[in-house]
Structures are given as structure tokens and as C-alpha cells.
>>> print(open('model_32.csv').read())   # CSV, C-alpha atoms and all ligand atoms
chain,number,residue,atom,x,y,z
A,24,MET,CA,0.0,0.0,0.0
A,25,LEU,CA,2.6,2.5,1.2
A,26,GLN,CA,5.0,1.4,-1.5
A,27,GLU,CA,2.4,2.0,-4.2
A,28,LYS,CA,1.6,5.5,-2.9
A,29,ILE,CA,5.3,6.4,-2.9
A,30,THR,CA,5.8,5.2,-6.5
A,31,GLN,CA,2.8,7.2,-7.6
A,32,TYR,CA,4.0,10.4,-5.8
A,33,THR,CA,7.5,9.9,-7.1
A,34,GLU,CA,6.1,10.0,-10.6
A,35,GLU,CA,4.2,13.1,-9.8
A,36,ILE,CA,7.2,14.9,-8.4
A,37,ASN,CA,9.4,14.0,-11.3
A,38,ALA,CA,6.8,15.4,-13.8
A,39,PHE,CA,6.4,18.6,-11.8
A,40,SER,CA,8.1,21.7,-13.2
A,41,THR,CA,7.3,25.3,-13.0
A,42,ALA,CA,8.8,28.7,-12.4
A,43,LYS,CA,5.6,30.2,-11.1
A,44,ALA,CA,5.8,31.1,-7.5
A,45,ALA,CA,2.2,30.3,-6.7
A,46,GLU,CA,2.3,26.7,-8.1
A,47,LEU,CA,5.6,26.1,-6.4
A,48,GLU,CA,4.1,27.1,-3.1
A,49,GLN,CA,1.2,24.7,-3.6
A,50,PHE,CA,3.8,22.0,-4.3
A,51,ARG,CA,5.5,22.8,-1.0
A,52,ILE,CA,2.3,22.7,1.0
A,53,LYS,CA,1.1,19.5,-0.7
A,54,PHE,CA,4.3,17.5,-0.1
A,55,LEU,CA,6.4,19.3,2.5
A,56,GLY,CA,3.8,21.1,4.5
A,57,THR,CA,3.0,20.3,8.2
A,58,LYS,CA,-0.1,18.5,7.0
A,59,GLY,CA,1.5,17.4,3.7
A,60,ILE,CA,2.0,14.0,2.1
A,61,ILE,CA,5.4,13.3,3.5
A,62,LYS,CA,4.1,13.9,7.0
A,63,ASP,CA,1.2,11.5,6.3
A,64,ILE,CA,3.4,8.8,4.8
A,65,PHE,CA,5.8,9.0,7.8
A,66,ASP,CA,2.7,8.6,10.1
A,67,GLU,CA,1.6,5.5,8.1
A,68,PHE,CA,5.1,4.2,8.3
A,69,LYS,CA,4.9,4.0,12.1
A,70,ALA,CA,2.2,1.4,11.7
A,71,VAL,CA,3.9,-1.1,9.4
A,72,SER,CA,5.6,-4.4,10.4
A,73,PRO,CA,9.2,-4.4,11.5
A,74,GLU,CA,10.4,-6.4,8.4
A,75,GLU,CA,8.7,-3.9,6.1
A,76,LYS,CA,10.2,-1.0,8.0
A,77,ARG,CA,13.7,-2.2,7.1
A,78,THR,CA,13.1,-2.0,3.3
A,79,LEU,CA,10.6,0.8,3.3
A,80,GLY,CA,12.6,3.1,5.5
A,81,LYS,CA,15.2,3.6,2.8
A,82,VAL,CA,12.6,4.2,0.1
A,83,LEU,CA,10.9,6.7,2.3
A,84,ASN,CA,14.1,8.7,2.9
A,85,VAL,CA,14.9,8.7,-0.8
A,86,PHE,CA,11.4,10.0,-1.5
A,87,LYS,CA,11.6,12.7,1.1
A,88,GLN,CA,14.9,13.9,-0.3
A,89,LEU,CA,13.5,13.9,-3.8
A,90,ALA,CA,10.6,16.2,-2.8
A,91,GLU,CA,13.0,18.5,-0.9
A,92,SER,CA,15.6,18.8,-3.6
A,93,LYS,CA,13.0,19.3,-6.3
A,94,TYR,CA,11.5,22.1,-4.3
A,95,GLN,CA,14.9,23.7,-3.7
A,96,ALA,CA,15.9,23.5,-7.4
A,97,LEU,CA,12.7,25.1,-8.7
A,98,LYS,CA,12.9,27.8,-6.1
A,99,GLU,CA,16.4,28.7,-7.0
A,100,GLN,CA,15.4,28.8,-10.7
A,101,SER,CA,12.6,31.2,-10.0
A,102,THR,CA,14.6,33.6,-7.7
A,103,GLU,CA,17.5,33.6,-10.1
A,104,THR,CA,15.4,35.1,-12.7
A,105,SER,CA,13.5,37.0,-10.1
A,106,ALA,CA,10.7,36.4,-12.5
A,107,GLY,CA,9.1,33.7,-10.3
A,108,LYS,CA,7.4,36.3,-8.3
A,109,GLU,CA,5.3,37.3,-11.2
A,110,GLU,CA,2.5,35.2,-12.6
A,111,GLY,CA,2.5,33.8,-16.1
A,112,LEU,CA,6.0,34.8,-17.0
A,113,ASP,CA,7.5,33.0,-20.0
A,114,LEU,CA,11.2,32.5,-19.2
A,115,THR,CA,11.9,31.3,-22.7
A,116,LEU,CA,11.1,34.7,-24.3
A,117,PRO,CA,14.1,36.6,-25.6
A,118,GLY,CA,15.4,39.4,-23.4
A,119,GLU,CA,15.0,43.1,-24.1
A,120,GLY,CA,18.6,43.6,-25.2
A,121,PHE,CA,20.7,46.8,-24.9
A,122,GLU,CA,20.4,49.5,-27.5
A,123,ILE,CA,23.8,50.7,-28.7
A,124,GLY,CA,24.3,54.4,-28.2
A,125,SER,CA,25.3,56.7,-30.9
A,126,ARG,CA,27.9,59.4,-31.2
A,127,HIS,CA,26.9,63.0,-31.0
A,128,PRO,CA,27.0,64.6,-34.5
A,129,LEU,CA,29.4,67.2,-33.2
A,130,ALA,CA,31.7,64.5,-31.9
A,131,LEU,CA,31.6,62.8,-35.3
A,132,VAL,CA,32.5,66.0,-37.1
A,133,ARG,CA,35.2,67.0,-34.6
A,134,LYS,CA,36.7,63.6,-35.1
A,135,GLU,CA,36.7,64.0,-38.9
A,136,ILE,CA,38.2,67.5,-38.7
A,137,VAL,CA,41.0,66.2,-36.4
A,138,GLU,CA,41.7,63.3,-38.8
A,139,ILE,CA,42.0,65.6,-41.8
A,140,PHE,CA,44.5,67.9,-40.0
A,141,ASN,CA,46.4,65.0,-38.6
A,142,LYS,CA,47.2,64.0,-42.1
A,143,LEU,CA,48.8,67.4,-42.6
A,144,GLY,CA,50.9,67.0,-39.4
A,145,PHE,CA,48.7,69.0,-37.1
A,146,ILE,CA,48.6,67.7,-33.5
A,147,VAL,CA,45.7,68.3,-31.1
A,148,ALA,CA,46.3,70.8,-28.2
A,149,GLU,CA,43.9,71.5,-25.4
A,150,GLY,CA,43.6,74.1,-22.7
A,151,PRO,CA,41.3,75.3,-19.8
A,152,GLU,CA,37.7,76.5,-20.4
A,153,ILE,CA,38.1,79.0,-17.6
A,154,GLU,CA,40.7,81.5,-18.7
A,155,ASP,CA,42.3,84.7,-17.7
A,156,ASP,CA,42.3,88.0,-19.6
A,157,TRP,CA,45.9,87.6,-20.8
A,158,HIS,CA,45.3,84.3,-22.6
A,159,ASN,CA,41.9,85.1,-23.9
A,160,PHE,CA,42.4,88.7,-24.9
A,161,SER,CA,45.6,90.7,-24.0
A,162,ALA,CA,48.2,88.4,-25.5
A,163,LEU,CA,46.1,88.2,-28.6
A,164,ASN,CA,46.4,91.9,-29.2
A,165,PHE,CA,43.0,92.9,-27.9
A,166,PRO,CA,43.8,96.4,-26.5
A,167,GLU,CA,42.2,97.4,-23.1
A,168,GLU,CA,38.9,99.0,-23.6
A,169,HIS,CA,39.1,98.3,-27.3
A,170,PRO,CA,35.7,97.6,-28.9
A,171,ALA,CA,37.2,94.3,-30.2
A,172,ARG,CA,36.5,92.9,-26.8
A,173,ASP,CA,32.8,93.5,-27.4
A,174,MET,CA,32.9,91.3,-30.5
A,175,GLN,CA,32.8,88.4,-28.1
A,176,ASP,CA,30.3,89.0,-25.3
A,177,THR,CA,32.1,87.4,-22.4
A,178,PHE,CA,30.9,85.6,-19.3
A,179,PHE,CA,33.1,87.0,-16.6
A,180,ILE,CA,33.6,85.0,-13.4
A,181,LYS,CA,36.0,87.0,-11.2
A,182,LYS,CA,37.6,90.4,-11.4
A,183,GLY,CA,41.3,91.0,-11.2
A,184,GLY,CA,43.3,87.8,-11.1
A,185,GLU,CA,47.1,87.7,-11.5
A,186,LYS,CA,46.7,87.7,-15.2
A,187,GLY,CA,43.6,89.8,-15.4
A,188,ASP,CA,39.9,89.0,-15.0
A,189,ILE,CA,38.8,85.4,-15.0
A,190,ALA,CA,36.2,84.4,-17.6
A,191,LEU,CA,34.9,81.5,-19.7
A,192,ARG,CA,37.0,81.5,-22.8
A,193,THR,CA,35.4,83.0,-25.8
A,194,HIS,CA,37.5,81.1,-28.3
A,195,THR,CA,40.2,78.5,-28.3
A,196,SER,CA,42.8,81.0,-29.5
A,197,SER,CA,43.7,81.1,-25.8
A,198,VAL,CA,45.2,77.6,-26.3
A,199,GLN,CA,47.4,78.9,-29.1
A,200,VAL,CA,48.8,81.5,-26.6
A,201,ARG,CA,49.4,78.8,-24.1
A,202,MET,CA,51.1,76.6,-26.6
A,203,MET,CA,53.4,79.3,-28.0
A,204,GLU,CA,54.3,80.5,-24.5
A,205,SER,CA,55.4,77.1,-23.3
A,206,GLY,CA,57.3,75.8,-26.3
A,207,LYS,CA,59.5,76.6,-29.2
A,208,PRO,CA,58.5,76.9,-32.9
A,209,PRO,CA,57.7,75.2,-35.2
A,210,PHE,CA,54.1,74.8,-34.0
A,211,ARG,CA,51.5,72.9,-36.0
A,212,ALA,CA,48.4,72.2,-34.0
A,213,ILE,CA,44.7,72.4,-33.9
A,214,MET,CA,42.7,73.2,-30.8
A,215,PRO,CA,39.2,71.7,-30.5
A,216,GLY,CA,37.1,72.8,-27.6
A,217,ARG,CA,34.0,74.4,-26.1
A,218,VAL,CA,33.7,78.2,-25.9
A,219,TYR,CA,31.2,80.5,-24.4
A,220,ARG,CA,29.6,83.8,-25.4
A,221,ASN,CA,26.9,85.7,-23.8
A,222,GLU,CA,24.3,85.5,-26.6
A,223,ALA,CA,20.5,85.0,-26.4
A,224,ILE,CA,19.7,81.4,-27.4
A,225,SER,CA,18.0,81.0,-30.7
A,226,ALA,CA,18.1,78.7,-33.8
A,227,ARG,CA,21.3,80.6,-35.0
A,228,ALA,CA,23.1,81.5,-31.8
A,229,HIS,CA,23.9,79.8,-28.5
A,230,CYS,CA,25.7,80.8,-25.3
A,231,PHE,CA,28.2,78.0,-25.9
A,232,PHE,CA,29.5,76.3,-29.0
A,233,HIS,CA,32.5,74.3,-30.1
A,234,GLN,CA,35.5,75.4,-32.1
A,235,VAL,CA,38.5,74.0,-33.8
A,236,GLU,CA,41.2,76.6,-34.2
A,237,GLY,CA,44.5,76.0,-35.9
A,238,LEU,CA,48.0,77.4,-35.6
A,239,TYR,CA,51.0,76.9,-37.8
A,240,VAL,CA,54.2,78.8,-36.9
A,241,ASP,CA,57.6,78.3,-38.6
A,242,GLU,CA,60.1,80.1,-40.7
A,243,ASN,CA,58.7,81.4,-44.0
A,244,VAL,CA,55.1,80.5,-43.4
A,245,SER,CA,53.0,82.5,-45.9
A,246,PHE,CA,49.4,83.2,-46.8
A,247,ALA,CA,49.7,80.8,-49.7
A,248,ASP,CA,50.3,78.0,-47.1
A,249,LEU,CA,47.2,79.1,-45.2
A,250,LYS,CA,45.1,79.0,-48.4
A,251,GLN,CA,46.4,75.6,-49.5
A,252,THR,CA,45.9,74.1,-46.0
A,253,LEU,CA,42.3,75.3,-45.8
A,254,PHE,CA,41.6,74.3,-49.4
A,255,TYR,CA,42.8,70.8,-48.7
A,256,PHE,CA,40.6,70.7,-45.5
A,257,VAL,CA,37.5,71.7,-47.5
A,258,GLN,CA,38.1,69.2,-50.3
A,259,GLU,CA,38.5,66.4,-47.7
A,260,MET,CA,35.5,67.5,-45.6
A,261,TYR,CA,32.9,68.3,-48.3
A,262,GLY,CA,34.3,66.6,-51.4
A,263,GLU,CA,36.4,67.6,-54.3
A,264,GLY,CA,35.1,70.4,-56.3
A,265,THR,CA,33.8,72.4,-53.3
A,266,LYS,CA,34.9,76.0,-54.1
A,267,VAL,CA,36.5,78.4,-51.6
A,268,ARG,CA,36.8,82.1,-51.5
A,269,PHE,CA,38.5,84.5,-49.1
A,270,ARG,CA,37.1,87.9,-48.1
A,271,PRO,CA,39.1,90.5,-46.2
A,272,SER,CA,38.2,90.7,-42.5
A,273,TYR,CA,39.4,91.9,-39.2
A,274,PHE,CA,40.7,90.1,-36.1
A,275,PRO,CA,43.0,91.7,-33.5
A,276,PHE,CA,45.4,88.8,-33.5
A,277,THR,CA,45.9,88.3,-37.3
A,278,GLU,CA,47.1,90.7,-40.0
A,279,PRO,CA,46.0,90.4,-42.7
A,280,SER,CA,42.8,88.7,-41.7
A,281,ALA,CA,40.2,86.9,-43.8
A,282,GLU,CA,37.0,85.0,-43.7
A,283,MET,CA,36.6,82.0,-45.8
A,284,ASP,CA,33.4,81.0,-47.6
A,285,ILE,CA,32.7,77.7,-49.4
A,286,SER,CA,30.3,77.0,-52.2
A,287,CYS,CA,27.0,76.0,-50.5
A,288,THR,CA,27.1,72.3,-49.8
A,289,ILE,CA,23.3,72.0,-49.9
A,290,CYS,CA,22.5,73.6,-53.3
A,291,LYS,CA,26.0,73.2,-54.7
A,292,GLY,CA,26.2,76.9,-55.3
A,293,ALA,CA,23.0,77.3,-57.2
A,294,GLY,CA,21.3,79.3,-54.5
A,295,CYS,CA,19.0,78.1,-51.7
A,296,GLN,CA,17.4,79.3,-48.5
A,297,PHE,CA,20.4,78.0,-46.5
A,298,CYS,CA,22.9,80.2,-48.3
A,299,LYS,CA,20.4,83.0,-48.6
A,300,TYR,CA,20.5,82.5,-52.4
A,301,SER,CA,24.1,83.6,-52.6
A,302,GLY,CA,25.6,80.2,-53.4
A,303,TRP,CA,28.2,80.8,-50.6
A,304,VAL,CA,28.4,80.1,-46.9
A,305,GLU,CA,31.0,81.4,-44.4
A,306,ILE,CA,32.8,78.7,-42.5
A,307,LEU,CA,35.8,80.2,-40.8
A,308,GLY,CA,38.0,83.2,-39.9
A,309,CYS,CA,41.7,83.1,-40.5
A,310,GLY,CA,44.8,85.2,-41.1
A,311,MET,CA,48.6,85.6,-40.6
A,312,VAL,CA,49.4,85.7,-36.9
A,313,ASP,CA,50.1,89.3,-35.9
A,314,PRO,CA,53.8,89.9,-35.1
A,315,ASN,CA,52.6,91.5,-31.8
A,316,VAL,CA,51.0,88.2,-30.8
A,317,LEU,CA,54.2,86.2,-31.5
A,318,GLU,CA,56.3,88.7,-29.5
A,319,ASN,CA,53.7,88.6,-26.6
A,320,CYS,CA,54.4,84.8,-26.5
A,321,GLY,CA,58.2,85.2,-26.6
A,322,ILE,CA,58.6,84.3,-30.2
A,323,ASP,CA,61.0,86.2,-32.5
A,324,ALA,CA,58.6,87.7,-35.1
A,325,LYS,CA,61.5,88.6,-37.4
A,326,LYS,CA,62.5,85.0,-37.7
A,327,TYR,CA,59.1,83.3,-37.5
A,328,SER,CA,55.7,83.8,-39.1
A,329,GLY,CA,52.5,81.9,-38.9
A,330,PHE,CA,48.9,81.5,-39.8
A,331,ALA,CA,45.9,80.8,-37.7
A,332,PHE,CA,42.3,79.9,-38.3
A,333,GLY,CA,39.2,79.2,-36.3
A,334,MET,CA,35.9,77.5,-37.2
A,335,GLY,CA,32.7,76.6,-35.3
A,336,ILE,CA,32.1,72.9,-35.3
A,337,GLU,CA,28.3,73.5,-35.2
A,338,ARG,CA,28.5,75.4,-38.5
A,339,ILE,CA,30.6,72.7,-40.2
A,340,THR,CA,28.1,70.1,-38.9
A,341,ASN,CA,25.2,72.1,-40.2
A,342,LEU,CA,26.6,72.0,-43.6
A,343,LYS,CA,27.5,68.3,-43.4
A,344,PHE,CA,24.1,67.1,-42.0
A,345,GLU,CA,21.8,70.0,-42.8
A,346,ILE,CA,20.9,70.6,-39.2
A,347,LYS,CA,19.3,73.9,-39.2
A,348,ASP,CA,18.6,74.6,-35.5
A,349,LEU,CA,21.6,75.0,-33.2
A,350,ARG,CA,19.5,74.2,-30.2
A,351,LEU,CA,19.2,70.5,-31.3
A,352,PHE,CA,22.9,70.0,-30.4
A,353,SER,CA,22.4,70.6,-26.7
A,354,GLU,CA,18.9,69.4,-26.1
A,355,ASN,CA,19.9,65.8,-26.1
A,356,ASP,CA,16.7,64.6,-27.7
A,357,VAL,CA,17.4,60.9,-28.3
A,358,ARG,CA,15.2,60.9,-31.4
A,359,PHE,CA,17.6,63.4,-32.9
A,360,LEU,CA,20.8,61.8,-31.7
A,361,LYS,CA,19.8,58.3,-32.8
A,362,GLN,CA,19.9,59.3,-36.4
A,363,TYR,CA,23.7,59.5,-36.4
A,364,LYS,CA,24.2,55.9,-35.3
A,365,THR,CA,25.7,54.6,-38.5
A,366,THR,CA,27.4,57.6,-39.8
A,367,LEU,CA,31.2,58.1,-39.7
A,368,ILE,CA,31.9,55.8,-36.7
B,1,LIG,N1,39.2,83.3,-32.7
B,1,LIG,C1,38.4,83.7,-33.8
B,1,LIG,C2,36.9,83.6,-33.4
B,1,LIG,O1,36.7,83.0,-32.4
B,1,LIG,C3,38.6,82.9,-35.0
B,1,LIG,C4,39.9,83.0,-35.6
B,1,LIG,C5,41.0,82.2,-35.2
B,1,LIG,C6,40.1,84.0,-36.6
B,1,LIG,C7,42.2,82.4,-35.8
B,1,LIG,C8,41.4,84.2,-37.2
B,1,LIG,C9,42.4,83.4,-36.7
B,1,LIG,O2,36.1,84.1,-34.0
>>> encode(input="model_32.csv", output="C-alpha cells")
Amino acid sequence: MLQEKITQYTEEINAFSTAKAAELEQFRIKFLGTKGIIKDIFDEFKAVSPEEKRTLGKVLNVFKQLAESKYQALKEQSTETSAGKEEGLDLTLPGEGFEIGSRHPLALVRKEIVEIFNKLGFIVAEGPEIEDDWHNFSALNFPEEHPARDMQDTFFIKKGGEKGDIALRTHTSSVQVRMMESGKPPFRAIMPGRVYRNEAISARAHCFFHQVEGLYVDENVSFADLKQTLFYFVQEMYGEGTKVRFRPSYFPFTEPSAEMDISCTICKGAGCQFCKYSGWVEILGCGMVDPNVLENCGIDAKKYSGFAFGMGIERITNLKFEIKDLRLFSENDVRFLKQYKTTLI
């Protein structure tokens, strides 16, 4: 009688399998509970004959162990996945998986700019975003009280440091000063980084943006070197056949100074809304480093000459990806950022 019962229950236990917490609990109550089957069987066992006890005793212990280990195994399984607590969970379903992030379009374009200039032997130089007056203005030939300082509405932080007022840098030309002060020519470097200007935020202006400036100082560096370097950059960045033109301009730290336009990458020069139907878009400022700047940084301006240029990465990116609103770059809307997943990685 008892033997038959044990055989039957053994089959039942062997066939039992679930990750559902409620069913597992029922199993525990049914077999292992204080009023459960194992308790009953042990009670019945007390009444059997001594000969039967010898054989049945072993069987009974094996049966008890089976029920306990089955319960333990299923319990572990369900807590491992922590899914067992919930009803009706299908553990065989595939997981949710991780979405691979994407690079920010500005980071993609900065990387591309750096790679192009690397090919020409320009290294990357970096400097602090919190600058003093000397590195951001004075060494760069911005005279005191000169209106040129107003060209770059500055966020001032503290008045009167050792090297003048402390402010958020308005351009990465400050890194050029730091580089020239602490080394010896030749210099051939680009300076990518974030810069700050006190402007009202709109589709076309922001209180911070990103620049890549460049500096090349050596003996006999000429404006022709500047033009050829920038022409090469534009062909690499926007494709061969992209035209460039230079217009005279003014910067305190370069003489002569120029602004460079390229043929509109969107309409290919035919005229569109983006280029205001001119066929041209401005992408950077440049010029020959003013001898005063070289001397301010301890470089012999009679022996050395150099060129410098500076561009906004946002602008270069606008033309590359036709992003028309600057604010998109800093809002971190994932729907916007996701679009650049497969580009230029
Ligand atoms: N520093 C200038 C700006 O921020 C750009 C520039 C750099 C112009 C080097 C000429 C030479 O607008």
C-alpha cells in the first residue's frame, strides 16, 4: 500500500516543473507542509511491520529527499530570474537587449576634422575653459577698452586675477597662446574645444558652442600655405570640387585677416534658403598671426611667421548634415541623436 503510494507520488514529483511562485508554493504545501503528504506517509510508516520497516525506511528517505531537492531546485530557478514572483512569465522569451548608443553629431564631425588635419601633421592641443584675460584677450592683441572685446560678449567670473579678469574662454585662440608661451617653434596644432559667449539662445546662436582653431608657426610661413591648407581641408571634408573664396576681414590677432566661404554644400552653389540665395556660406576666420602676438608669447617675429584659423564645429556640422537649428545640439533629444548611429563611426 505504502510502496504504491510512494511510487505514484515519485512520478508526480518527477513530472512537476514550474517557475511560477504560486504553483511552487502549492507543491511545497502539498508535499512538504506540516499537513502534507510526507508527514502522512511517515505517520503511516509507524504502523507497518518491523520487516517492512527495514526495506521501506530507505525508500521513504529517498522519497523525502527527492521532494525537498525538487522544491529547492525550482525555487532557485525562480529567484535567479526574479521572475518567479510574477504570474504567467515565460522565461523562454528573448530578453530586451541593450540599445547601442550613438555618437553625438558634433563629436563625429570633430573627429573627422581632427583626422584631416592629422594627415597634414597638425597635432591636437587642449587648454582650460576658464581663462584669464591675458590668454583670452591681451596676449592676442585685444587692447584694453578696445571695442574688439565686445565682439565676443564674455561671461566674466571674477575680477582682477594675477593675469587679469577670469572668464569663460570666448575662443580656443587662448590655447594657441598657451602653446606658444610654453614651447619653441615650429608649432603645428589644432585646438578643438568648447567656448562661451553671452548670446541669447536661438536657432542661430547659443551661449556655448564648439570650435576648432589651428595654428602653424615656422620660418617662412605664408598666406599661400594658409590657403592651401584650408583648401585641402574643405576638399576632404565636403568633397572635391567644393569651391573656396576669401574675403578681407578683421581680427585683433591676425594681420592680414580673412573670412573663408565655401560653395553652398546644400544647393552646390545654385542658391537656396540655406545660403540666402548667394551660393556661398561662411565657415571660418583666418589670417597671418600678428607679429605682436608672436612677441607677446616670446617668439621672435623677425624670424618666424605663422597662420591661424578658427571655425565653429556646429557650423561645419550644419553643412554636413543639414541641421538647421543649433539648439538641437544641446537638447539631447534621443530621437535626434539616434539618427547618427551609423554615420562616420
Ligand atoms: N578666434 C576667432 C573667433 O573665435 C577665429 C579666428 C581664429 C580667426 C584664428 C582668425 C584666426 O572668432
>>> closest_residue(input="model_32.csv", among="A:Ala293, A:Gly329, A:Leu253, A:His233", to="Ala130 (chain A)", atoms="all atoms listed in the file")
A:His233
>>> atom_distance(input="model_32.csv", atom1="CA of Met311 (chain A)", atom2="CA of Ile146 (chain A)")
19.3 Å
>>> atom_distance(input="model_32.csv", atom1="CA of Asn355 (chain A)", atom2="CA of Gly124 (chain A)")
12.4 Å
>>> atom_distance(input="model_32.csv", atom1="CA of Gln100 (chain A)", atom2="CA of Val82 (chain A)")
27.0 Å
>>> residues_near_ligand(input="model_32.csv", ligand="ligand LIG 1 (chain B)", cutoff="6 Å", atoms="only C-alpha atoms and all ligand atoms", output="list in words")
His194, Ser196, Glu236, Gly308, Cys309, Gly310, Ala331, Phe332 and Gly333 of chain A
>>> closest_residue(input="model_32.csv", among="A:Ile64, A:Gly264, A:Asp173, A:Thr57", to="Glu27 (chain A)", atoms="all atoms listed in the file")
A:Ile64
>>> residues_around(input="model_32.csv", residues="Asp284 (chain A)", least_positions_apart="6", cutoff="8 Å", atoms="only C-alpha atoms", output="PyMOL selection string")
chain A and resi 267-270+303-307
>>> residues_around(input="model_32.csv", residues="region 182-185 of chain A", least_positions_apart="5", cutoff="10 Å", atoms="only C-alpha atoms", output="list in words")
Asp155, Asp156, Trp157 and Ala190 of chain A
>>> closest_residue(input="model_32.csv", among="A:Asp248, A:Ile52, A:Asn221, A:Gly216", to="Lys134 (chain A)", atoms="all atoms listed in the file")
A:Gly216
>>> residues_near_point(input="model_32.csv", point="(10.7, 3.0, 0.2)", cutoff="10 Å", atoms="all atoms listed in the file", output="list in words")
Leu25, Gln26, Glu27, Lys28, Ile29, Thr30, Phe68, Glu75, Lys76, Arg77, Thr78, Leu79, Gly80, Lys81, Val82, Leu83, Asn84, Val85, Phe86 and Lys87 of chain A
>>> residues_near_point(input="model_32.csv", point="(44.8, 78.8, -33.4)", cutoff="12 Å", atoms="all atoms listed in the file", output="ChimeraX atom specification")
/A:145-150,159,163,194-203,210-216,234-240,276-277,307-312,316,329-334
>>> residues_around(input="model_32.csv", residues="Phe352 (chain A)", least_positions_apart="4", cutoff="10 Å", atoms="only C-alpha atoms", output="NGL selection string")
:A and (127-129 or 232 or 337 or 340 or 346 or 348 or 356 or 359-360)
>>> closest_residue(input="model_32.csv", among="A:Lys361, A:Lys43, A:Lys347, A:Lys299", to="Gly111 (chain A)", atoms="only C-alpha atoms")
A:Lys43
>>> residues_around(input="model_32.csv", residues="Glu152 (chain A)", least_positions_apart="2", cutoff="8 Å", atoms="all atoms listed in the file", output="count of residues only")
6
>>> closest_atom_pairs(input="model_32.csv", of="region 269-333 of chain A", to="region 341-344 of chain A", cutoff="9 Å", atoms="only C-alpha atoms", output="JSON lines")
{"residue": "A:Cys287", "atom": "CA", "partner": "A:Leu342", "partner_atom": "CA", "distance": 8.0}
{"residue": "A:Thr288", "atom": "CA", "partner": "A:Leu342", "partner_atom": "CA", "distance": 6.2}
{"residue": "A:Ile289", "atom": "CA", "partner": "A:Leu342", "partner_atom": "CA", "distance": 7.1}
{"residue": "A:Val304", "atom": "CA", "partner": "A:Leu342", "partner_atom": "CA", "distance": 8.9}
>>> closest_residue(input="model_32.csv", among="A:Phe246, A:Gly321, A:Glu282, A:Lys266", to="Gly206 (chain A)", atoms="only C-alpha atoms")
A:Gly321
>>> residues_around(input="model_32.csv", residues="Ala38 (chain A)", least_positions_apart="5", cutoff="12 Å", atoms="all atoms listed in the file", output="PDB file with C-alpha atoms, keeping the file's coordinate frame")
ATOM      1  CA  GLN A  31       2.800   7.200  -7.600  1.00  0.00           C
ATOM      2  CA  TYR A  32       4.000  10.400  -5.800  1.00  0.00           C
ATOM      3  CA  THR A  33       7.500   9.900  -7.100  1.00  0.00           C
ATOM      4  CA  PHE A  50       3.800  22.000  -4.300  1.00  0.00           C
ATOM      5  CA  ALA A  90      10.600  16.200  -2.800  1.00  0.00           C
ATOM      6  CA  LYS A  93      13.000  19.300  -6.300  1.00  0.00           C
TER       7      LYS A  93
END
>>> closest_residue(input="model_32.csv", among="A:Pro209, A:Gly56, A:Pro275, A:Gly120", to="Asn315 (chain A)", atoms="all atoms listed in the file")
A:Pro275
